[in-house]
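Working notes, beginning with the structure itself.
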Amino acid sequence: MVYNNRQMREQTMSNHVQIHIAKDFSEYPAGRYKEHGPNSGERFRDEILAPAFLNNPGKNVHVNIGDILGYGSSFLEEAFGGLIREYDLTKEDVLARLEIKNGLKSDRLRIIDFIQEA
Amino acid sequence: MLLKQTTKKSIRRKEETQKNQHNANLDRRFKKVHYHRTNENEPAKAYRKLIAPQCLDLNTYRGLLLRFLYFIDYWCLEKSVPIMIDFSKTVICESVGTMLTMATIDRVLHYTKNEDLITAIPPENVIANQVFMQIGLSTLLKLPEPNVVDHEDVVYWRCVSGHQIDTEHAIKTLKAIFSTYPFSEEAKHALAGGLTEAITNTSMHAYPSDDDKWPDELRGMLKTEHKYWNSSSSRWWMFAGVKDSRLSVVVYDAGIGIPRSIRHTRKDRKGWFQELVKAEKSLVSKVLRAEQIPKLDSYLIDLAMNQKKSRSNKKNRGKGMTDLKAFIDITDNGHLVVLSGSGAYYYSSSKEVSHTYKSSMRGTLITWSTTIDK
């Protein structure tokens, strides 16, 4: 799913973009690369997360990680760490604009770690 | 002193002889040919009869169970000979052993796409029979199913399988258990995260494809095993159940195993191994000679569990192994067991040990277990 749907258009009017992984992507995110399954971190990054950053310069990106039972490191690392490796985005820019909502504190901290270590 | 040594030697020799005799008897029993006539007008078909162990128990009867499973592979895949498995004397179905048996049969049937290759006689024991039905083994083997599954140790057994990283069924199975038994949110997420990562590892590492750049010495082995891998047999199996107020969640794949996966990197294998040894000197109790390395499956699993580095040798990879431990770190009485090849790794809040068995198993088996409050 490419993230250019109705919600995205509505959100362009506000000062931030919202992404709800369970609703906008999958309730069962897992795996690193596209070839290993349909709900991989690579696919989430390329189709939803990266466009949200690149198509909305200057706007914050709110990612809701709630309503999902358990994230594997492979998914989170490839999605968030890969954002720095694969796209023309800096750690500082991503960390300043990214806001992780809901979910467990440990998962929120892991995401920050993966971005900083990328 | 001399007498003592001689006695020890003779006892050891006697034990060896008994063991060899026992194995030879088993082999003979497994190799016996039987004939079965399905229709009076057709000639009788030859099949091998395998008598299943009384206890499908990997912990206590590891050698016996692995030998039994080896013969399923041997006759069905190597020789393409139909087999009839006699489970009539099977009375104990331990979760890991039963799942391993189920996975082996499922894998063989998926690979050969021949449903008639394996037939079976169901267990006479009522509980064992219920277990077979509950986990789907009765359906797989077309066995008559009991009318009701009501034994309290069996009702909560769940077994699912899949290929690639499709975790939907696995997570739904966990959710069903979590709806019955109380767990903290952190524990639920940690177990689900570990399970997801274990399934991810199956898809990413357990069944390497032909185009992976493997070292020469491994290519031969892969060619042999590749004969029995295809898209439908590159699978994982998951079991979850509660017995005696203890939750067990098991994930199994029949791939190359952690030791082989981690030992053979794409790049300079020797250099990488030395680098690992240097980095983890505390884990090494003695200087390792090159010829000892292949025997140290448990050591390599230990390294895999404690290193943030994987077969891929990339900085951003190999982080998933720590996910497997997260559930144990949160729960008070949790245990993690990783079995692969001949190695075993045990992790709990109080200890972390590894062990090497004499017998080697195919693939990797990961178990999380913990006591639960009713």
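Chain labels A, B, ... are given in the sequence in which chains occur in the structure tokens; within each chain residues are numbered consecutively from 1, and ligands are likewise numbered from 1 in the order shown.
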| task | With a cut-off of 8 Å and counting only C-alpha atoms, select all residues of chain B in contact with chain A and give the selection as a ChimeraX atom specification. | result | /B:164-168,171,186,188-194,196-197,200,203-204,316-317,319-320,323
| field | Selection: 12 Å around Ser369 in chain B, only C-alpha atoms, excl. self and same-chain fewer than 4 positions, as a count of residues only | value | 32
| field | Point-to-point distance from CA of Ile256 in chain B to CA of Ala206 in chain B, Å rounded to tenths | value |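 Spanning CA of Ile256 in chain B to CA of Ala206 in chain B is a straight-line distance of 5.4 Å.
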| Which of chain A DSSP labels helix (DSSP H, G or I), written as a VMD selection string | chain A and resid 6 to 11 21 to 25 34 to 36 41 to 54 73 to 86 91 to 97 105 to 117
| task | Please provide the set of residues having any atom within 8 Å of range 55-72 of chain B, restricted to only C-alpha atoms, with same-chain residues fewer than 3 positions apart removed, written as a list in words. | result |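 So the residues in contact are Phe30, Leu50, Ala52, Trp75, Cys76, Leu77, Ile83, Thr90, Val91, Ile92, Cys93, Glu94, Ser95, Val96, Gly97, Thr98, Thr101, Thr104, Ile105, Ser359, Ser360 and Met361 of chain B.
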Write a file of the just-selected residues containing C-alpha atoms, as an mmCIF file, in the first residue's frame.
data_model
loop_
_atom_site.group_PDB
_atom_site.id
_atom_site.type_symbol
_atom_site.label_atom_id
_atom_site.label_comp_id
_atom_site.auth_asym_id
_atom_site.auth_seq_id
_atom_site.Cartn_x
_atom_site.Cartn_y
_atom_site.Cartn_z
ATOM 1 C CA PHE B 30 13.015 -50.307 11.554
ATOM 2 C CA LEU B 50 8.310 -48.216 12.208
ATOM 3 C CA ALA B 52 7.184 -45.390 17.472
ATOM 4 C CA TRP B 75 12.693 -44.432 4.133
ATOM 5 C CA CYS B 76 10.382 -41.751 2.794
ATOM 6 C CA LEU B 77 12.877 -39.299 1.314
ATOM 7 C CA ILE B 83 6.003 -46.606 5.870
ATOM 8 C CA THR B 90 2.951 -44.679 22.627
ATOM 9 C CA VAL B 91 1.791 -43.493 26.020
ATOM 10 C CA ILE B 92 3.704 -40.304 26.787
ATOM 11 C CA CYS B 93 3.494 -37.292 24.488
ATOM 12 C CA GLU B 94 5.894 -34.649 25.733
ATOM 13 C CA SER B 95 5.270 -31.324 23.993
ATOM 14 C CA VAL B 96 8.626 -30.914 22.244
ATOM 15 C CA GLY B 97 8.981 -34.553 21.217
ATOM 16 C CA THR B 98 5.428 -34.699 19.891
ATOM 17 C CA THR B 101 7.381 -35.939 15.341
ATOM 18 C CA THR B 104 8.892 -34.441 10.582
ATOM 19 C CA ILE B 105 5.799 -36.183 9.221
ATOM 20 C CA SER B 359 23.157 -37.088 18.920
ATOM 21 C CA SER B 360 22.489 -34.306 16.470
ATOM 22 C CA MET B 361 19.049 -33.087 15.513
#
| Proximity to Arg362 in chain B - best of B:Thr202, B:Gln18, B:Ser342, B:Ser350, only C-alpha atoms |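 Among the listed residues, B:Ser342 lies closest to Arg362 in chain B.
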| Got a sec: who's within 9 Å of range 148-159 of chain B, counting only C-alpha atoms, leaving out chain neighbours fewer than 2 positions off, as a PyMOL selection string? | chain B and resi 95+99+127-128+130-131+133-136+145-146+161+170+173+177+237-244
